[in-house]
$ cat entry05.cif   # mmCIF, C-alpha atoms, pLDDT in the B column; chains and numbers go by the auth columns
data_input
loop_
_atom_site.group_PDB
_atom_site.id
_atom_site.type_symbol
_atom_site.label_atom_id
_atom_site.label_comp_id
_atom_site.label_asym_id
_atom_site.label_seq_id
_atom_site.Cartn_x
_atom_site.Cartn_y
_atom_site.Cartn_z
_atom_site.B_iso_or_equiv
_atom_site.auth_seq_id
_atom_site.auth_asym_id
ATOM 1 C CA MET A 1 7.702 -28.481 211.013 75.00 938 A
ATOM 2 C CA GLU A 2 7.003 -24.984 212.329 92.00 939 A
ATOM 3 C CA SER A 3 5.278 -22.476 210.085 92.00 940 A
ATOM 4 C CA ARG A 4 8.260 -20.148 210.520 91.00 941 A
ATOM 5 C CA THR A 5 10.530 -22.828 209.045 93.00 942 A
ATOM 6 C CA ILE A 6 8.149 -23.385 206.132 95.00 943 A
ATOM 7 C CA VAL A 7 8.147 -19.657 205.402 95.00 944 A
ATOM 8 C CA ARG A 8 11.956 -19.521 205.464 95.00 945 A
ATOM 9 C CA ILE A 9 12.140 -22.501 203.072 97.00 946 A
ATOM 10 C CA ALA A 10 9.670 -20.802 200.706 97.00 947 A
ATOM 11 C CA LEU A 11 11.557 -17.496 200.903 97.00 948 A
ATOM 12 C CA ILE A 12 14.886 -19.072 200.001 97.00 949 A
ATOM 13 C CA ALA A 13 13.226 -20.959 197.130 98.00 950 A
ATOM 14 C CA ALA A 14 11.874 -17.586 195.959 97.00 951 A
ATOM 15 C CA VAL A 15 15.365 -16.060 196.200 97.00 952 A
ATOM 16 C CA ILE A 16 16.718 -18.832 193.963 97.00 953 A
ATOM 17 C CA ALA A 17 13.875 -18.146 191.522 97.00 954 A
ATOM 18 C CA VAL A 18 14.551 -14.395 191.472 96.00 955 A
ATOM 19 C CA LEU A 19 18.246 -15.041 190.819 96.00 956 A
ATOM 20 C CA GLY A 20 17.118 -16.910 187.702 93.00 957 A
ATOM 21 C CA LEU A 21 15.691 -13.664 186.333 91.00 958 A
ATOM 22 C CA LEU A 22 19.211 -12.329 185.914 88.00 959 A
ATOM 23 C CA PRO A 23 20.315 -13.143 182.375 85.00 960 A
ATOM 24 C CA GLY A 24 22.670 -16.084 182.096 82.00 961 A
ATOM 25 C CA VAL A 25 25.707 -16.179 179.866 86.00 962 A
ATOM 26 C CA VAL A 26 25.930 -19.239 177.644 83.00 963 A
ATOM 27 C CA LEU A 27 29.457 -20.454 177.005 77.00 964 A
ATOM 28 C CA PRO A 28 29.953 -22.645 173.930 77.00 965 A
ATOM 29 C CA ILE A 29 32.740 -24.628 175.619 77.00 966 A
ATOM 30 C CA ALA A 30 30.254 -25.719 178.311 78.00 967 A
ATOM 31 C CA ALA A 31 27.820 -27.331 175.826 82.00 968 A
ATOM 32 C CA GLY A 32 25.253 -24.598 176.340 81.00 969 A
ATOM 33 C CA VAL A 33 25.237 -24.644 180.146 88.00 970 A
ATOM 34 C CA PRO A 34 24.712 -21.011 181.197 89.00 971 A
ATOM 35 C CA VAL A 35 26.569 -19.082 183.863 90.00 972 A
ATOM 36 C CA THR A 36 23.810 -18.090 186.290 92.00 973 A
ATOM 37 C CA ALA A 37 23.420 -16.423 189.665 94.00 974 A
ATOM 38 C CA GLN A 38 21.240 -19.257 190.961 96.00 975 A
ATOM 39 C CA THR A 39 24.114 -21.177 192.524 96.00 976 A
ATOM 40 C CA LEU A 40 24.488 -18.209 194.855 97.00 977 A
ATOM 41 C CA GLY A 41 20.965 -18.973 196.094 97.00 978 A
ATOM 42 C CA VAL A 42 21.834 -22.642 196.506 98.00 979 A
ATOM 43 C CA MET A 43 24.859 -21.737 198.629 98.00 980 A
ATOM 44 C CA LEU A 44 22.738 -19.386 200.731 97.00 981 A
ATOM 45 C CA ALA A 45 20.063 -22.057 201.169 98.00 982 A
ATOM 46 C CA GLY A 46 22.463 -24.402 202.926 97.00 983 A
ATOM 47 C CA ILE A 47 24.104 -21.720 205.026 96.00 984 A
ATOM 48 C CA VAL A 48 20.936 -19.935 206.122 96.00 985 A
ATOM 49 C CA LEU A 49 18.641 -22.932 206.564 96.00 986 A
ATOM 50 C CA GLY A 50 21.021 -25.772 207.366 96.00 987 A
ATOM 51 C CA PRO A 51 21.369 -29.046 205.455 97.00 988 A
ATOM 52 C CA ARG A 52 17.849 -30.495 205.571 97.00 989 A
ATOM 53 C CA HIS A 53 15.868 -27.315 205.211 97.00 990 A
ATOM 54 C CA GLY A 54 18.287 -25.905 202.624 97.00 991 A
ATOM 55 C CA ALA A 55 17.856 -29.026 200.510 98.00 992 A
ATOM 56 C CA LEU A 56 14.062 -28.761 200.949 98.00 993 A
ATOM 57 C CA ALA A 57 14.126 -25.159 199.683 98.00 994 A
ATOM 58 C CA VAL A 58 16.027 -26.270 196.595 98.00 995 A
ATOM 59 C CA LEU A 59 13.672 -29.221 196.084 98.00 996 A
ATOM 60 C CA LEU A 60 10.708 -26.839 196.264 98.00 997 A
ATOM 61 C CA PHE A 61 12.327 -24.610 193.646 98.00 998 A
ATOM 62 C CA ILE A 62 13.072 -27.571 191.342 98.00 999 A
ATOM 63 C CA PHE A 63 9.529 -28.910 191.793 98.00 1000 A
ATOM 64 C CA VAL A 64 8.079 -25.573 190.667 98.00 1001 A
ATOM 65 C CA VAL A 65 10.485 -25.492 187.695 98.00 1002 A
ATOM 66 C CA LEU A 66 9.496 -29.022 186.659 98.00 1003 A
ATOM 67 C CA LEU A 67 5.829 -28.008 186.837 97.00 1004 A
ATOM 68 C CA GLY A 68 6.647 -25.576 184.049 96.00 1005 A
ATOM 69 C CA ALA A 69 7.449 -22.287 185.758 96.00 1006 A
ATOM 70 C CA PRO A 70 10.136 -20.529 183.684 96.00 1007 A
ATOM 71 C CA LEU A 71 12.375 -19.821 186.670 95.00 1008 A
ATOM 72 C CA LEU A 72 15.688 -21.067 185.365 95.00 1009 A
ATOM 73 C CA SER A 73 18.037 -18.614 183.699 89.00 1010 A
ATOM 74 C CA GLY A 74 16.842 -17.809 180.197 87.00 1011 A
ATOM 75 C CA GLY A 75 13.214 -18.474 181.145 91.00 1012 A
ATOM 76 C CA ARG A 76 13.519 -22.245 181.065 93.00 1013 A
ATOM 77 C CA GLY A 77 11.196 -24.557 182.915 95.00 1014 A
ATOM 78 C CA GLY A 78 9.214 -27.763 182.495 96.00 1015 A
ATOM 79 C CA LEU A 79 10.264 -31.376 182.201 96.00 1016 A
ATOM 80 C CA GLY A 80 12.458 -30.585 179.188 93.00 1017 A
ATOM 81 C CA VAL A 81 15.168 -29.221 181.484 95.00 1018 A
ATOM 82 C CA LEU A 82 15.825 -32.804 182.574 95.00 1019 A
ATOM 83 C CA PHE A 83 17.087 -33.628 179.088 94.00 1020 A
ATOM 84 C CA GLY A 84 19.461 -30.710 178.528 92.00 1021 A
ATOM 85 C CA PRO A 85 23.188 -30.481 179.234 92.00 1022 A
ATOM 86 C CA SER A 86 22.606 -28.546 182.454 93.00 1023 A
ATOM 87 C CA VAL A 87 20.575 -31.337 184.097 96.00 1024 A
ATOM 88 C CA GLY A 88 23.507 -32.441 186.260 96.00 1025 A
ATOM 89 C CA PHE A 89 23.930 -28.924 187.598 96.00 1026 A
ATOM 90 C CA LEU A 90 20.184 -28.591 188.260 97.00 1027 A
ATOM 91 C CA ILE A 91 19.941 -31.907 190.089 97.00 1028 A
ATOM 92 C CA GLY A 92 23.201 -31.043 191.850 98.00 1029 A
ATOM 93 C CA PHE A 93 21.499 -28.076 193.517 98.00 1030 A
ATOM 94 C CA VAL A 94 19.996 -30.431 196.125 98.00 1031 A
ATOM 95 C CA PRO A 95 23.168 -32.197 197.351 98.00 1032 A
ATOM 96 C CA ALA A 96 25.074 -28.912 197.003 98.00 1033 A
ATOM 97 C CA ALA A 97 22.686 -27.140 199.402 98.00 1034 A
ATOM 98 C CA PHE A 98 22.729 -30.114 201.771 98.00 1035 A
ATOM 99 C CA VAL A 99 26.541 -30.368 201.892 98.00 1036 A
ATOM 100 C CA THR A 100 26.894 -26.586 202.201 98.00 1037 A
ATOM 101 C CA GLY A 101 24.599 -26.634 205.224 97.00 1038 A
ATOM 102 C CA LEU A 102 26.320 -29.669 206.697 97.00 1039 A
ATOM 103 C CA LEU A 103 29.755 -28.074 206.364 97.00 1040 A
ATOM 104 C CA MET A 104 28.461 -24.849 207.889 96.00 1041 A
ATOM 105 C CA GLN A 105 27.207 -26.806 210.900 95.00 1042 A
ATOM 106 C CA ARG A 106 30.422 -28.770 211.256 96.00 1043 A
ATOM 107 C CA LEU A 107 32.522 -25.606 211.066 96.00 1044 A
ATOM 108 C CA LYS A 108 30.672 -23.761 213.827 93.00 1045 A
ATOM 109 C CA HIS A 109 33.936 -23.344 215.738 94.00 1046 A
ATOM 110 C CA LEU A 110 35.185 -21.016 212.967 96.00 1047 A
ATOM 111 C CA PRO A 111 34.073 -17.410 212.494 96.00 1048 A
ATOM 112 C CA VAL A 112 30.926 -17.138 210.359 96.00 1049 A
ATOM 113 C CA PHE A 113 32.701 -15.640 207.339 97.00 1050 A
ATOM 114 C CA ALA A 114 35.345 -18.389 207.183 97.00 1051 A
ATOM 115 C CA ALA A 115 32.861 -21.182 207.817 97.00 1052 A
ATOM 116 C CA ALA A 116 30.474 -19.839 205.166 97.00 1053 A
ATOM 117 C CA LEU A 117 33.263 -19.453 202.600 98.00 1054 A
ATOM 118 C CA ILE A 118 34.546 -22.997 203.156 98.00 1055 A
ATOM 119 C CA ALA A 119 30.998 -24.399 203.149 98.00 1056 A
ATOM 120 C CA ALA A 120 30.064 -22.536 199.960 98.00 1057 A
ATOM 121 C CA ILE A 121 33.172 -23.781 198.177 98.00 1058 A
ATOM 122 C CA GLY A 122 32.827 -27.350 199.441 98.00 1059 A
ATOM 123 C CA GLY A 123 29.124 -27.763 198.781 97.00 1060 A
ATOM 124 C CA GLY A 124 28.233 -25.050 196.327 96.00 1061 A
ATOM 125 C CA ILE A 125 31.212 -25.587 194.046 97.00 1062 A
ATOM 126 C CA VAL A 126 32.805 -29.015 194.567 98.00 1063 A
ATOM 127 C CA VAL A 127 29.575 -30.997 194.983 98.00 1064 A
ATOM 128 C CA GLU A 128 27.743 -28.925 192.354 97.00 1065 A
ATOM 129 C CA TYR A 129 30.546 -29.442 189.825 97.00 1066 A
ATOM 130 C CA ALA A 130 30.721 -33.172 190.486 97.00 1067 A
ATOM 131 C CA CYS A 131 27.039 -33.492 189.603 97.00 1068 A
ATOM 132 C CA GLY A 132 27.396 -31.151 186.634 96.00 1069 A
ATOM 133 C CA ILE A 133 30.327 -33.120 185.237 96.00 1070 A
ATOM 134 C CA VAL A 134 28.332 -36.351 185.409 97.00 1071 A
ATOM 135 C CA GLY A 135 25.446 -34.604 183.637 95.00 1072 A
ATOM 136 C CA LEU A 136 27.694 -33.281 180.879 95.00 1073 A
ATOM 137 C CA MET A 137 29.178 -36.726 180.372 95.00 1074 A
ATOM 138 C CA ALA A 138 25.725 -38.345 180.187 95.00 1075 A
ATOM 139 C CA VAL A 139 23.753 -35.793 178.171 94.00 1076 A
ATOM 140 C CA ALA A 140 26.387 -33.929 176.141 92.00 1077 A
ATOM 141 C CA ARG A 141 28.419 -37.114 175.623 93.00 1078 A
ATOM 142 C CA MET A 142 31.625 -35.470 176.819 93.00 1079 A
ATOM 143 C CA SER A 143 34.650 -37.342 178.054 94.00 1080 A
ATOM 144 C CA VAL A 144 35.765 -36.769 181.640 95.00 1081 A
ATOM 145 C CA VAL A 145 38.504 -34.405 180.470 95.00 1082 A
ATOM 146 C CA GLN A 146 36.136 -32.442 178.226 94.00 1083 A
ATOM 147 C CA ALA A 147 33.589 -32.144 181.044 94.00 1084 A
ATOM 148 C CA LEU A 148 36.296 -30.998 183.484 94.00 1085 A
ATOM 149 C CA ILE A 149 37.502 -28.336 181.046 93.00 1086 A
ATOM 150 C CA ALA A 150 33.947 -27.210 180.316 92.00 1087 A
ATOM 151 C CA THR A 151 33.201 -26.926 184.014 94.00 1088 A
ATOM 152 C CA ALA A 152 36.465 -25.129 184.811 93.00 1089 A
ATOM 153 C CA VAL A 153 35.202 -22.000 183.046 92.00 1090 A
ATOM 154 C CA PHE A 154 32.679 -21.542 185.868 94.00 1091 A
ATOM 155 C CA ILE A 155 35.292 -21.457 188.660 95.00 1092 A
ATOM 156 C CA PRO A 156 36.064 -17.694 188.759 95.00 1093 A
ATOM 157 C CA GLY A 157 32.405 -16.694 188.888 94.00 1094 A
ATOM 158 C CA ASP A 158 31.534 -19.340 191.453 96.00 1095 A
ATOM 159 C CA LEU A 159 34.399 -18.282 193.691 97.00 1096 A
ATOM 160 C CA LEU A 160 32.973 -14.749 193.594 97.00 1097 A
ATOM 161 C CA LYS A 161 29.538 -16.178 194.496 97.00 1098 A
ATOM 162 C CA ALA A 162 31.094 -18.081 197.405 98.00 1099 A
ATOM 163 C CA LEU A 163 32.682 -14.839 198.625 98.00 1100 A
ATOM 164 C CA ALA A 164 29.365 -13.007 198.274 97.00 1101 A
ATOM 165 C CA THR A 165 27.665 -15.794 200.220 97.00 1102 A
ATOM 166 C CA ALA A 166 30.221 -15.474 203.019 97.00 1103 A
ATOM 167 C CA PHE A 167 29.737 -11.691 203.165 97.00 1104 A
ATOM 168 C CA VAL A 168 25.938 -12.080 203.284 96.00 1105 A
ATOM 169 C CA ALA A 169 26.232 -14.751 205.993 96.00 1106 A
ATOM 170 C CA GLU A 170 28.535 -12.560 208.086 96.00 1107 A
ATOM 171 C CA ALA A 171 26.320 -9.479 207.716 96.00 1108 A
ATOM 172 C CA SER A 172 23.167 -11.493 208.459 94.00 1109 A
ATOM 173 C CA PHE A 173 24.737 -13.044 211.539 95.00 1110 A
ATOM 174 C CA ARG A 174 25.858 -9.674 212.883 94.00 1111 A
ATOM 175 C CA ALA A 175 22.416 -8.151 212.331 94.00 1112 A
ATOM 176 C CA TYR A 176 20.384 -11.129 213.516 92.00 1113 A
ATOM 177 C CA PRO A 177 22.320 -14.166 214.806 90.00 1114 A
ATOM 178 C CA ALA A 178 19.326 -16.496 214.448 88.00 1115 A
ATOM 179 C CA ALA A 179 19.417 -15.848 210.670 88.00 1116 A
ATOM 180 C CA ILE A 180 22.115 -18.482 210.268 90.00 1117 A
ATOM 181 C CA ALA A 181 21.029 -22.033 211.137 83.00 1118 A
ATOM 182 C CA GLY A 182 22.800 -23.518 214.151 78.00 1119 A
ATOM 183 C CA ARG A 183 24.702 -20.324 215.037 73.00 1120 A
ATOM 184 C CA ALA A 184 22.422 -18.537 217.516 63.00 1121 A
#
$ encode --input "entry05.cif" --output "structure tokens"
Amino acid sequence: MESRTIVRIALIAAVIAVLGLLPGVVLPIAAGVPVTAQTLGVMLAGIVLGPRHGALAVLLFIFVVLLGAPLLSGGRGGLGVLFGPSVGFLIGFVPAAFVTGLLMQRLKHLPVFAAALIAAIGGGIVVEYACGIVGLMAVARMSVVQALIATAVFIPGDLLKALATAFVAEASFRAYPAAIAGRA
């Protein structure tokens, strides 16, 4: 792996960490799972770095969190995050970034904005929610219906994050086409 690629992976992991500094909003209906800006970073990871490198950036971020760095929203970190209701969403960051990047690559025939929006929704929302729902069912002991309802409250904010991701991807591509994996 080139050193340039390693630096890009580390930078995106740092972006996800910085997004965790923004205060999250805890919704009681979601069993204490906070609304955070970090899924925006996960969406960007896949779009900017592609599937493999985007997933590696997210894995790096999660590794640092599990070591104890308080980088999750609300200053959470350490192994304890694996036992909370948001564990499915946290673990879901990896496949979400991978699928987002994969969709972005597969949609290269579309304009960047459209491809990024579809990729962010498909990977950053659908895949992320699937993992989060499983986590809520396992840890919070919710039924499928309860977990679906709890997760539905995140949809408006995540759609805005997907739009923001598409705007960032479009602007980045116009300024520097090599900024978006597989597009230059």
$ resolve_selection --input "entry05.cif" --expression "the PyMOL selection byres ((chain A and resi 1104-1108) around 8)" --output "list in words"
Leu981, Ile984, Val985, Val1049, Phe1050, Ala1053, Leu1100, Ala1101, Thr1102, Ala1103, Ser1109, Phe1110, Arg1111, Ala1112 and Ile1117 of chain A
$ resolve_selection --input "entry05.cif" --expression "the PyMOL selection byres ((chain A and resi 1092) around 12)" --output "number ranges by chain"
A: 972, 976, 1058, 1061-1063, 1065-1066, 1085-1091, 1093-1099
$ closest_residue --input "entry05.cif" --among "A:Ala992, A:Gly1017, A:Glu939, A:Ile1028" --to "A:Met980" --atoms "only C-alpha atoms"
A:Ala992
$ resolve_selection --input "entry05.cif" --expression "the PyMOL selection byres ((chain A and resi 1010) around 10)" --output "MDAnalysis selection string"
chainID A and resid 954:963 971:975 1007:1009 1011:1014
$ atom_distance --input "entry05.cif" --atom1 "atom CA of A:Ala1077" --atom2 "atom CA of A:Gly1059"
25.1 Å
$ closest_residue --input "entry05.cif" --among "A:Ala1118, A:Ala994, A:Cys1068, A:Val1001" --to "A:Ala1084" --atoms "all atoms listed in the file"
A:Cys1068
$ closest_residue --input "entry05.cif" --among "A:Leu1073, A:Leu986, A:Val1002, A:Ala1051" --to "A:Ala1115" --atoms "only C-alpha atoms"
A:Leu986
$ atom_distance --input "entry05.cif" --atom1 "atom CA of A:His990" --atom2 "atom CA of A:Ile943"
8.7 Å
$ atom_distance --input "entry05.cif" --atom1 "atom CA of A:Ala1057" --atom2 "atom CA of A:Thr1037"
5.6 Å
$ closest_residue --input "entry05.cif" --among "A:Pro1032, A:Gly1025, A:Gly1038, A:Pro1114" --to "A:Gly1069" --atoms "all atoms listed in the file"
A:Gly1025
$ closest_residue --input "entry05.cif" --among "A:Val1036, A:Leu997, A:Ser1080, A:Leu1016" --to "A:Val944" --atoms "all atoms listed in the file"
A:Leu997
$ closest_residue --input "entry05.cif" --among "A:Ala947, A:Leu1004, A:Ala968, A:Val952" --to "A:Pro1022" --atoms "all atoms listed in the file"
A:Ala968
$ axis_aligned_box --input "entry05.cif" --around "stretch 1036-1039 of chain A" --padding-each-side "4 Å" --output "lines of an AutoDock Vina configuration file"
center_x = 25.7
center_y = -28.5
center_z = 204.3
size_x = 10.3
size_y = 11.8
size_z = 12.8
